[in-house]
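Data file: run-v3.txt. Format and content: compact mmCIF, C-alpha atoms.
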```
# COMPACT_ATOMS: atom_id res chain seq x y z
CA MET A 1 21.45 34.24 17.30
CA ARG A 2 21.10 33.08 20.92
CA ILE A 3 17.71 34.77 21.05
CA LEU A 4 16.49 33.17 17.84
CA ARG A 5 17.31 29.64 18.96
CA PRO A 6 14.89 29.59 21.95
CA VAL A 7 12.21 31.11 19.72
CA ARG A 8 12.76 28.37 17.19
CA LEU A 9 12.55 25.67 19.85
CA MET A 10 9.31 27.14 21.16
CA PHE A 11 7.90 27.14 17.65
CA LEU A 12 8.84 23.49 17.18
CA ALA A 13 7.17 22.58 20.46
CA LEU A 14 4.00 24.31 19.30
CA LEU A 15 4.24 22.55 15.96
CA VAL A 16 4.54 19.16 17.63
CA SER A 17 1.37 19.84 19.60
CA LEU A 18 -0.50 20.38 16.33
CA VAL A 19 0.63 17.14 14.69
CA PRO A 20 -2.14 14.46 14.75
CA ALA A 21 -1.74 11.69 17.30
CA SER A 22 -1.49 9.15 14.47
CA SER A 23 1.90 10.63 13.57
CA PHE A 24 3.53 9.63 16.85
CA ALA A 25 4.88 6.22 15.88
CA GLY A 26 8.51 6.98 16.72
CA VAL A 27 11.04 9.77 17.12
CA PHE A 28 10.03 13.22 15.94
CA ILE A 29 12.21 13.95 12.88
CA SER A 30 12.73 17.32 11.21
CA VAL A 31 15.32 18.19 8.58
CA GLY A 32 16.43 21.53 7.20
CA PHE A 33 16.61 20.43 3.55
CA ALA A 34 14.23 18.56 1.26
CA PRO A 35 14.31 14.82 0.56
CA PRO A 36 15.41 13.71 -2.93
CA VAL A 37 12.91 13.03 -5.66
CA LEU A 38 11.19 9.64 -5.71
CA PRO A 39 13.12 7.07 -7.75
CA VAL A 40 11.55 5.34 -10.73
CA TYR A 41 11.21 1.58 -10.35
CA GLU A 42 9.15 -1.44 -11.34
CA GLN A 43 6.84 -3.00 -8.79
CA PRO A 44 7.56 -6.67 -8.00
CA PRO A 45 4.43 -8.84 -8.40
CA CYS A 46 2.49 -9.71 -5.26
CA PRO A 47 3.89 -13.16 -4.36
CA GLU A 48 0.85 -14.55 -2.52
CA PRO A 49 -2.75 -13.67 -1.57
CA GLY A 50 -3.53 -11.27 1.25
CA LEU A 51 -0.40 -9.10 1.10
CA MET A 52 -0.57 -5.30 0.96
CA TRP A 53 1.73 -3.04 -1.02
CA THR A 54 3.68 -0.46 1.00
CA PRO A 55 5.45 2.03 -1.28
CA GLY A 56 9.09 2.98 -0.88
CA TYR A 57 10.00 6.28 0.80
CA TRP A 58 12.93 8.38 1.96
CA ALA A 59 13.75 8.06 5.67
CA TYR A 60 16.41 10.00 7.59
CA SER A 61 19.17 9.20 10.07
CA GLU A 62 22.36 10.87 11.27
CA ASP A 63 24.00 9.87 7.99
CA GLY A 64 21.35 11.60 5.90
CA TYR A 65 18.45 10.46 3.77
CA TYR A 66 18.21 6.77 2.89
CA TRP A 67 15.75 4.82 0.78
CA VAL A 68 13.36 2.25 2.29
CA PRO A 69 12.34 -0.07 -0.58
CA GLY A 70 8.71 -0.70 -1.44
CA THR A 71 7.52 -4.17 -0.47
CA TRP A 72 4.53 -6.47 0.08
CA VAL A 73 3.57 -7.08 3.73
CA PRO A 74 0.70 -8.84 5.53
CA ALA A 75 -2.03 -6.62 6.96
CA PRO A 76 -2.30 -6.71 10.77
CA TYR A 77 -6.06 -7.46 10.62
CA GLU A 78 -8.87 -7.89 8.09
CA GLY A 79 -9.97 -4.55 6.75
CA ALA A 80 -6.69 -2.81 7.52
CA LEU A 81 -5.39 -0.29 4.97
CA TRP A 82 -1.98 1.35 4.91
CA THR A 83 -1.50 5.13 4.91
CA PRO A 84 2.10 5.70 3.73
CA PRO A 85 4.50 8.11 5.45
CA TYR A 86 5.35 11.48 3.94
CA TRP A 87 7.50 14.56 4.45
CA GLY A 88 5.65 17.83 5.10
CA TRP A 89 7.13 21.32 4.99
CA GLU A 90 6.17 23.30 8.10
CA GLY A 91 7.81 26.34 9.63
CA GLY A 92 10.87 26.19 7.42
CA LEU A 93 11.58 22.52 8.20
CA TYR A 94 10.75 19.20 6.55
CA ILE A 95 8.93 17.05 9.10
CA PHE A 96 8.49 13.29 8.77
CA HIS A 97 4.97 11.91 9.29
CA PRO A 98 5.08 8.11 9.87
CA GLY A 99 2.64 5.77 8.15
CA TYR A 100 -0.05 3.80 9.95
CA TRP A 101 -2.72 1.11 9.56
CA GLY A 102 -6.42 1.87 9.86
CA PRO A 103 -9.86 1.15 8.35
CA HIS A 104 -9.47 4.11 5.94
CA VAL A 105 -6.54 5.54 4.00
CA GLY A 106 -5.68 8.91 5.48
CA TYR A 107 -3.74 11.95 4.37
CA TYR A 108 -0.22 11.44 3.03
CA GLY A 109 0.45 14.91 1.68
CA GLY A 110 -0.82 14.27 -1.82
CA VAL A 111 2.49 12.60 -2.70
CA ASN A 112 2.05 10.30 -5.71
CA TYR A 113 4.02 7.15 -4.90
CA GLY A 114 2.46 5.17 -7.75
CA PHE A 115 1.12 1.60 -7.69
CA GLY A 116 -2.24 2.60 -6.21
CA TYR A 117 -1.02 5.41 -3.94
CA MET A 118 -1.69 8.10 -6.52
CA GLY A 119 -1.82 11.03 -4.05
CA ILE A 120 -5.31 10.47 -2.64
CA GLY A 121 -6.52 7.26 -1.02
CA PHE A 122 -5.56 3.88 -2.47
CA ALA A 123 -6.62 2.62 -5.89
CA GLY A 124 -4.71 -0.66 -5.87
CA GLY A 125 -7.36 -2.88 -4.32
CA MET A 126 -9.93 -3.32 -1.55
CA TRP A 127 -11.25 -5.74 1.03
CA ARG A 128 -14.15 -7.94 -0.01
CA GLY A 129 -15.28 -10.03 2.93
CA HIS A 130 -12.28 -11.93 4.26
CA ASP A 131 -10.27 -11.49 1.06
CA PHE A 132 -8.28 -8.61 -0.36
CA VAL A 133 -8.85 -8.18 -4.10
CA TYR A 134 -6.24 -6.48 -6.29
CA ASN A 135 -6.82 -3.88 -8.99
CA THR A 136 -4.44 -5.06 -11.69
CA ALA A 137 -4.96 -1.83 -13.61
CA VAL A 138 -2.28 -0.37 -11.33
CA VAL A 139 -0.66 -3.18 -9.28
CA ARG A 140 1.08 -6.39 -10.33
CA VAL A 141 0.37 -9.86 -8.94
CA ASP A 142 1.82 -13.32 -9.50
CA GLU A 143 -1.13 -15.00 -11.22
CA ARG A 144 0.17 -18.43 -10.27
CA PHE A 145 -0.72 -17.75 -6.65
CA VAL A 146 -3.05 -14.71 -6.62
CA HIS A 147 -6.50 -15.16 -8.19
CA THR A 148 -8.57 -12.45 -6.47
CA THR A 149 -8.23 -9.64 -9.00
CA TYR A 150 -10.26 -7.10 -10.95
CA VAL A 151 -9.55 -4.19 -13.29
CA ASP A 152 -10.77 -0.63 -12.62
CA GLN A 153 -8.92 2.15 -14.40
CA ASN A 154 -11.49 4.83 -13.43
CA ILE A 155 -10.63 4.81 -9.73
CA VAL A 156 -6.97 5.22 -10.65
CA VAL A 157 -7.52 8.41 -12.62
CA ARG A 158 -9.95 9.76 -10.02
CA ASN A 159 -7.33 9.47 -7.29
CA THR A 160 -4.33 10.78 -9.23
CA ILE A 161 -2.47 13.95 -8.31
CA VAL A 162 -0.10 14.79 -11.13
CA ASN A 163 3.50 14.66 -9.93
CA ASP A 164 5.63 14.65 -13.06
CA ARG A 165 8.73 15.71 -11.12
CA HIS A 166 8.29 12.93 -8.52
CA VAL A 167 8.42 15.35 -5.60
CA ALA A 168 8.72 13.47 -2.30
CA PHE A 169 7.32 16.13 0.06
CA SER A 170 4.22 18.21 0.64
CA GLY A 171 4.19 22.01 0.94
CA GLY A 172 7.05 24.47 0.82
CA PRO A 173 9.05 25.60 -2.23
CA GLY A 174 8.45 23.16 -5.09
CA GLY A 175 6.34 20.82 -2.93
CA ILE A 176 2.99 19.16 -3.57
CA ARG A 177 -0.01 21.42 -2.94
CA HIS A 178 -2.86 19.32 -1.60
CA ASP A 179 -4.82 20.16 1.52
CA PRO A 180 -6.57 17.28 3.33
CA SER A 181 -10.03 16.49 1.97
CA PRO A 182 -12.93 16.00 4.43
CA GLU A 183 -12.56 12.24 4.02
CA GLU A 184 -8.85 12.37 4.79
CA ARG A 185 -9.54 14.47 7.89
CA PHE A 186 -12.17 11.92 8.92
CA ALA A 187 -9.59 9.14 8.63
CA GLU A 188 -7.39 10.96 11.17
CA ARG A 189 -10.03 10.25 13.82
CA ASP A 190 -9.91 6.48 13.21
CA GLN A 191 -8.18 4.11 15.57
CA HIS A 192 -4.71 3.62 14.09
CA GLN A 193 -2.00 1.03 14.45
CA GLU A 194 1.66 1.74 13.81
CA ALA A 195 3.85 -0.16 11.37
CA THR A 196 4.18 -3.89 12.01
CA SER A 197 7.30 -5.78 13.08
CA PHE A 198 7.89 -6.72 9.44
CA GLN A 199 7.92 -3.06 8.46
CA HIS A 200 10.17 -2.00 11.34
CA SER A 201 12.68 -4.74 10.50
CA HIS A 202 12.48 -3.79 6.83
CA GLU A 203 13.32 -0.14 7.58
CA SER A 204 16.14 -1.12 9.96
CA SER A 205 17.66 -3.32 7.26
CA ALA A 206 17.54 -0.44 4.80
CA MET A 207 19.24 1.88 7.29
CA SER A 208 22.03 -0.66 7.86
CA ASP A 209 22.75 -0.82 4.13
CA ARG A 210 25.24 1.91 3.21
CA ASN A 211 24.09 1.76 -0.42
CA SER A 212 20.64 2.96 0.64
CA PHE A 213 21.94 6.43 1.53
CA VAL A 214 21.78 9.36 -0.84
CA LYS A 215 25.43 10.23 -0.23
CA ASN A 216 26.35 6.84 -1.71
CA ASN A 217 23.71 6.32 -4.40
CA GLY A 218 23.12 9.90 -5.57
CA GLY A 219 19.38 9.55 -5.13
CA ARG A 220 19.16 6.43 -7.29
CA PRO A 221 19.00 3.38 -4.98
CA SER A 222 20.02 0.10 -6.59
CA ASN A 223 17.37 -1.84 -4.65
CA PRO A 224 14.22 0.34 -4.86
CA ALA A 225 11.69 -2.47 -4.26
CA VAL A 226 11.58 -6.08 -3.01
CA SER A 227 8.84 -8.68 -3.06
CA ARG A 228 9.00 -9.34 0.70
CA PRO A 229 10.29 -7.37 3.73
CA MET A 230 14.00 -7.46 4.36
CA GLY A 231 15.75 -8.59 7.50
CA MET A 232 13.58 -11.39 8.92
CA GLY A 233 14.57 -14.62 7.17
CA THR A 234 12.45 -16.47 4.58
CA PRO A 235 9.05 -18.16 5.07
CA GLN A 236 7.69 -21.30 3.48
CA GLY A 237 5.67 -20.80 0.34
CA PRO A 238 6.22 -19.03 -3.00
CA PRO A 239 9.69 -17.67 -3.84
CA ALA A 240 10.66 -14.76 -1.64
CA GLY A 241 12.69 -12.65 -4.08
CA ARG A 242 15.56 -10.60 -2.66
CA GLY A 243 13.74 -9.73 0.56
CA GLY A 244 12.68 -12.13 3.27
CA ILE A 245 10.50 -12.62 6.33
CA SER A 246 10.44 -14.89 9.34
CA ALA A 247 8.45 -18.10 9.44
CA HIS A 248 8.07 -17.80 13.22
CA ASP A 249 6.39 -14.38 12.97
CA ASP A 250 2.72 -13.98 12.08
CA TRP A 251 2.89 -14.09 8.29
CA ASN A 252 -0.43 -15.94 7.99
CA ALA A 253 -3.80 -14.46 7.05
CA PRO A 254 -4.75 -11.32 8.99
CA LYS A 255 -7.00 -11.51 12.03
CA ARG A 256 -10.75 -11.03 11.79
CA MET A 257 -11.85 -7.45 11.43
CA GLU A 258 -12.60 -5.77 14.75
CA PRO A 259 -16.04 -4.14 15.31
CA ASN A 260 -16.62 -0.79 13.63
CA GLN A 261 -13.55 -1.12 11.45
CA GLY A 262 -14.04 -0.80 7.73
CA GLY A 263 -17.11 0.25 5.80
CA GLY A 264 -17.75 3.33 3.73
CA GLU A 265 -18.54 3.87 0.08
CA ARG A 266 -16.33 3.71 -2.96
CA ASN A 267 -14.79 6.71 -4.65
CA HIS A 268 -17.14 8.73 -6.82
CA GLY A 269 -17.37 12.21 -8.29
CA ASP A 270 -16.52 14.35 -11.29
CA VAL A 271 -12.85 15.21 -11.42
CA ASN A 272 -10.09 16.51 -13.65
CA TYR A 273 -7.28 14.08 -14.13
CA SER A 274 -4.23 13.04 -16.06
CA THR A 275 -4.24 9.40 -17.11
CA PRO A 276 -1.49 7.43 -15.32
CA ASN A 277 0.62 4.71 -16.85
CA PRO A 278 -0.57 1.41 -15.31
CA ASN A 279 1.94 -0.83 -13.55
CA ARG A 280 4.81 1.61 -13.97
CA GLY A 281 4.45 3.85 -10.94
CA ASN A 282 6.14 7.15 -11.68
CA PRO A 283 7.29 7.87 -15.26
CA GLU A 284 10.98 8.25 -15.99
CA THR A 285 12.66 11.49 -15.01
CA ASN A 286 16.07 12.91 -14.22
CA SER A 287 16.81 12.73 -10.50
CA ASN A 288 18.05 15.66 -8.42
CA ASN A 289 18.48 15.72 -4.68
CA THR A 290 16.72 19.07 -4.38
CA PRO A 291 13.75 20.18 -6.49
CA ASN A 292 14.08 23.38 -8.51
CA PRO A 293 12.03 26.04 -6.69
CA ASN A 294 11.75 28.07 -9.88
CA ARG A 295 9.39 25.46 -11.30
CA GLY A 296 6.62 26.44 -8.91
CA ASN A 297 4.46 24.26 -6.71
CA GLU A 298 2.74 21.08 -7.73
CA GLU A 299 -1.00 21.58 -7.91
CA THR A 300 -3.75 19.23 -6.80
CA LYS A 301 -5.62 17.95 -9.82
CA THR A 302 -8.34 15.82 -8.31
CA TYR A 303 -10.43 14.87 -5.30
CA ASN A 304 -12.39 11.79 -4.40
CA SER A 305 -15.12 11.16 -1.88
CA SER A 306 -14.03 8.20 0.25
CA HIS A 307 -11.09 5.93 0.91
CA SER A 308 -12.55 2.97 2.73
CA ASN A 309 -11.74 0.46 -0.05
CA THR A 310 -14.09 -2.02 1.57
CA GLY A 311 -16.46 -4.40 -0.10
CA ASN A 312 -17.38 -2.76 -3.40
CA ALA A 313 -15.24 -4.29 -6.11
CA PRO A 314 -16.63 -3.43 -9.55
CA ALA A 315 -16.50 -7.04 -10.64
CA ASN A 316 -16.32 -10.41 -8.97
CA PRO A 317 -12.71 -11.47 -8.51
CA THR A 318 -11.52 -14.45 -10.45
CA PRO A 319 -12.14 -17.47 -8.19
CA PRO A 320 -9.37 -19.99 -7.59
CA PRO A 321 -9.62 -23.19 -9.65
CA GLN A 322 -11.88 -25.80 -8.10
CA HIS A 323 -11.63 -29.56 -8.52
CA ASN A 324 -15.05 -31.17 -8.75
CA PRO A 325 -15.43 -34.77 -7.47
CA PRO A 326 -15.90 -37.47 -10.19
CA PRO A 327 -19.55 -38.21 -11.06
CA PRO A 328 -21.13 -41.34 -9.55
CA PRO A 329 -21.18 -44.43 -11.74
CA HIS A 330 -24.14 -44.68 -14.12
CA ALA A 331 -27.05 -46.88 -13.10
CA GLN A 332 -26.57 -49.18 -16.07
CA ASP A 333 -23.00 -49.89 -14.97
CA GLN A 334 -24.06 -51.14 -11.59
CA HIS A 335 -24.33 -54.95 -11.40
CA LYS A 336 -27.32 -56.22 -9.44
CA THR A 337 -28.48 -59.84 -8.88
CA PRO A 338 -31.76 -60.36 -10.83
CA PRO A 339 -34.77 -61.34 -8.65
CA LYS A 340 -35.76 -65.02 -8.43
CA PRO A 341 -38.92 -65.99 -10.38
CA ASN A 342 -42.14 -66.39 -8.40
CA PRO A 343 -43.33 -70.08 -8.37
CA LYS A 344 -46.94 -68.94 -8.66
CA ASP A 345 -46.12 -67.13 -11.86
CA GLU A 346 -44.66 -70.34 -13.33
CA LYS A 347 -47.87 -72.30 -12.59
CA ASN A 348 -49.95 -69.73 -14.39
CA HIS A 349 -48.09 -70.31 -17.66
```
Mind turning this structure into structure tokens?
Amino acid sequence: MRILRPVRLMFLALLVSLVPASSFAGVFISVGFAPPVLPVYEQPPCPEPGLMWTPGYWAYSEDGYYWVPGTWVPAPYEGALWTPPYWGWEGGLYIFHPGYWGPHVGYYGGVNYGFGYMGIGFAGGMWRGHDFVYNTAVVRVDERFVHTTYVDQNIVVRNTIVNDRHVAFSGGPGGIRHDPSPEERFAERDQHQEATSFQHSHESSAMSDRNSFVKNNGGRPSNPAVSRPMGMGTPQGPPAGRGGISAHDDWNAPKRMEPNQGGGERNHGDVNYSTPNPNRGNPETNSNNTPNPNRGNEETKTYNSSHSNTGNAPANPTPPPQHNPPPPPHAQDQHKTPPKPNPKDEKNH
């Protein structure tokens, strides 16, 4: 056993060297047993324009797996898209790959988180100029405040990897089987930005909540999603739901897009798919902390061609209501002094 331990450590060191640089957003985490299945929950509506959905996920600490609720957060800059974190099975261990921001959605193991993150890319919306427009075929918005929307069911089915058992990891016994597509490998070469301060505070708040841990909730968290990040107060504006953010932090519109960030074409191609259930994320299932290896591996059902989500909405988003100024008064309503008669004209009569 003493001989095997150094060999295992050497293997882990080699494995770390093969992990993409975008994954180094924190401590390297590996666990010897699989994360629980993804819980079923309803997405809270987007509370205001410009926010991006970040799906919930299982994180890990010394006390075991705990659930980080899905939430709406501001993008760090115009054109930024979120690649969610995922657990990947490598060398007999489950390794955590942190999420990141970038101009394209990268590889997240093919894990179907729902609400636009259907296993490949992001089908929940895209950037159009300075605005982010939302695909309400798969995400929910508060229509009192959010007016930049469209409906495109086709992109949803093109990006869907069937995950009926709600598996939360890629590879290994019972895991999702989806190798990175060329477009997902291309996204790994982008310039990435780690999770924002809102997201870090949100995760810390989840870790400090004992009810978030599997040992206390049995894999069924009572707070699976919130409308705003937890742990940073409450801003001015629309109602904040059960989560909150800080008014002194940069919750305003994202910064202008930096050069060479964004671009690319929309998703196209012939695919096989299974039609998802809009606005419901993952369908209902019985939760178990460890998947049944006898059920086999999840198979990839579809591919798409690009994940830029920039500037090609299938329809113009609904514009916000405009208030036109009142029309000018009619000419006949204007009172003018009539001209004085010309004396010469009077003599001629």
(message) as a ChimeraX atom specification, please: the residues near Ala34 of chain A (cut-off 10 Å, all atoms listed in the file, same-chain neighbours under 4 positions excluded).
(response) /A:65,87-89,93-95,167-169,172-175,289-291
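In this model, the gap between atom CA of Gly92 of chain A and atom CA of Ser212 of chain A comes to 26.1 Å.
Across the model, the gap from atom CA of Val73 of chain A to atom CA of Leu51 of chain A is 5.2 Å.
With atom CA of Gly116 of chain A on one side and atom CA of Pro39 of chain A on the other, the separation reads 16.1 Å.
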As lines of an AutoDock Vina configuration file, please report the centre and edge lengths, rounded to one decimal in Å, of the axis-aligned box that holds all listed atoms of segment 215-220 of chain A with 4 Å of padding on each of the six sides.
```
center_x = 22.8
center_y = 8.3
center_z = -3.8
size_x = 15.2
size_y = 11.9
size_z = 15.1
```
(request) Can you work out which one of A:Thr83, A:Thr149, A:Ser61, A:Ser222 has the shortest atom-to-atom distance to Ala187 of chain A, counting all atoms listed in the file? (result) A:Thr83
(message) Measuring between only C-alpha atoms, which one of A:Trp82, A:Trp72, A:Phe186, A:Tyr66 shows the shortest distance to Gly219 of chain A?
(response) A:Tyr66
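Remark: for Asn211 of chain A, the closest of the candidate residues A:Met52, A:Pro224, A:Phe28, A:Phe132 is A:Pro224 (distances computed over all atoms listed in the file).
Nearest to Arg210 of chain A of all the residues A:Pro35, A:Ile120, A:Pro44, A:Trp67 is A:Trp67, based on all atoms listed in the file.
When all atoms listed in the file are used to measure the gap to Arg144 of chain A, the shortest distance among A:Pro45, A:Gly114, A:Gly64, A:Pro84 belongs to A:Pro45.
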(message) Please determine, counting all atoms listed in the file, which residue among A:Asn112, A:Asn135, A:Ser227, A:Asn216 has the shortest atom-to-atom distance to Arg177 of chain A.
(response) A:Asn112
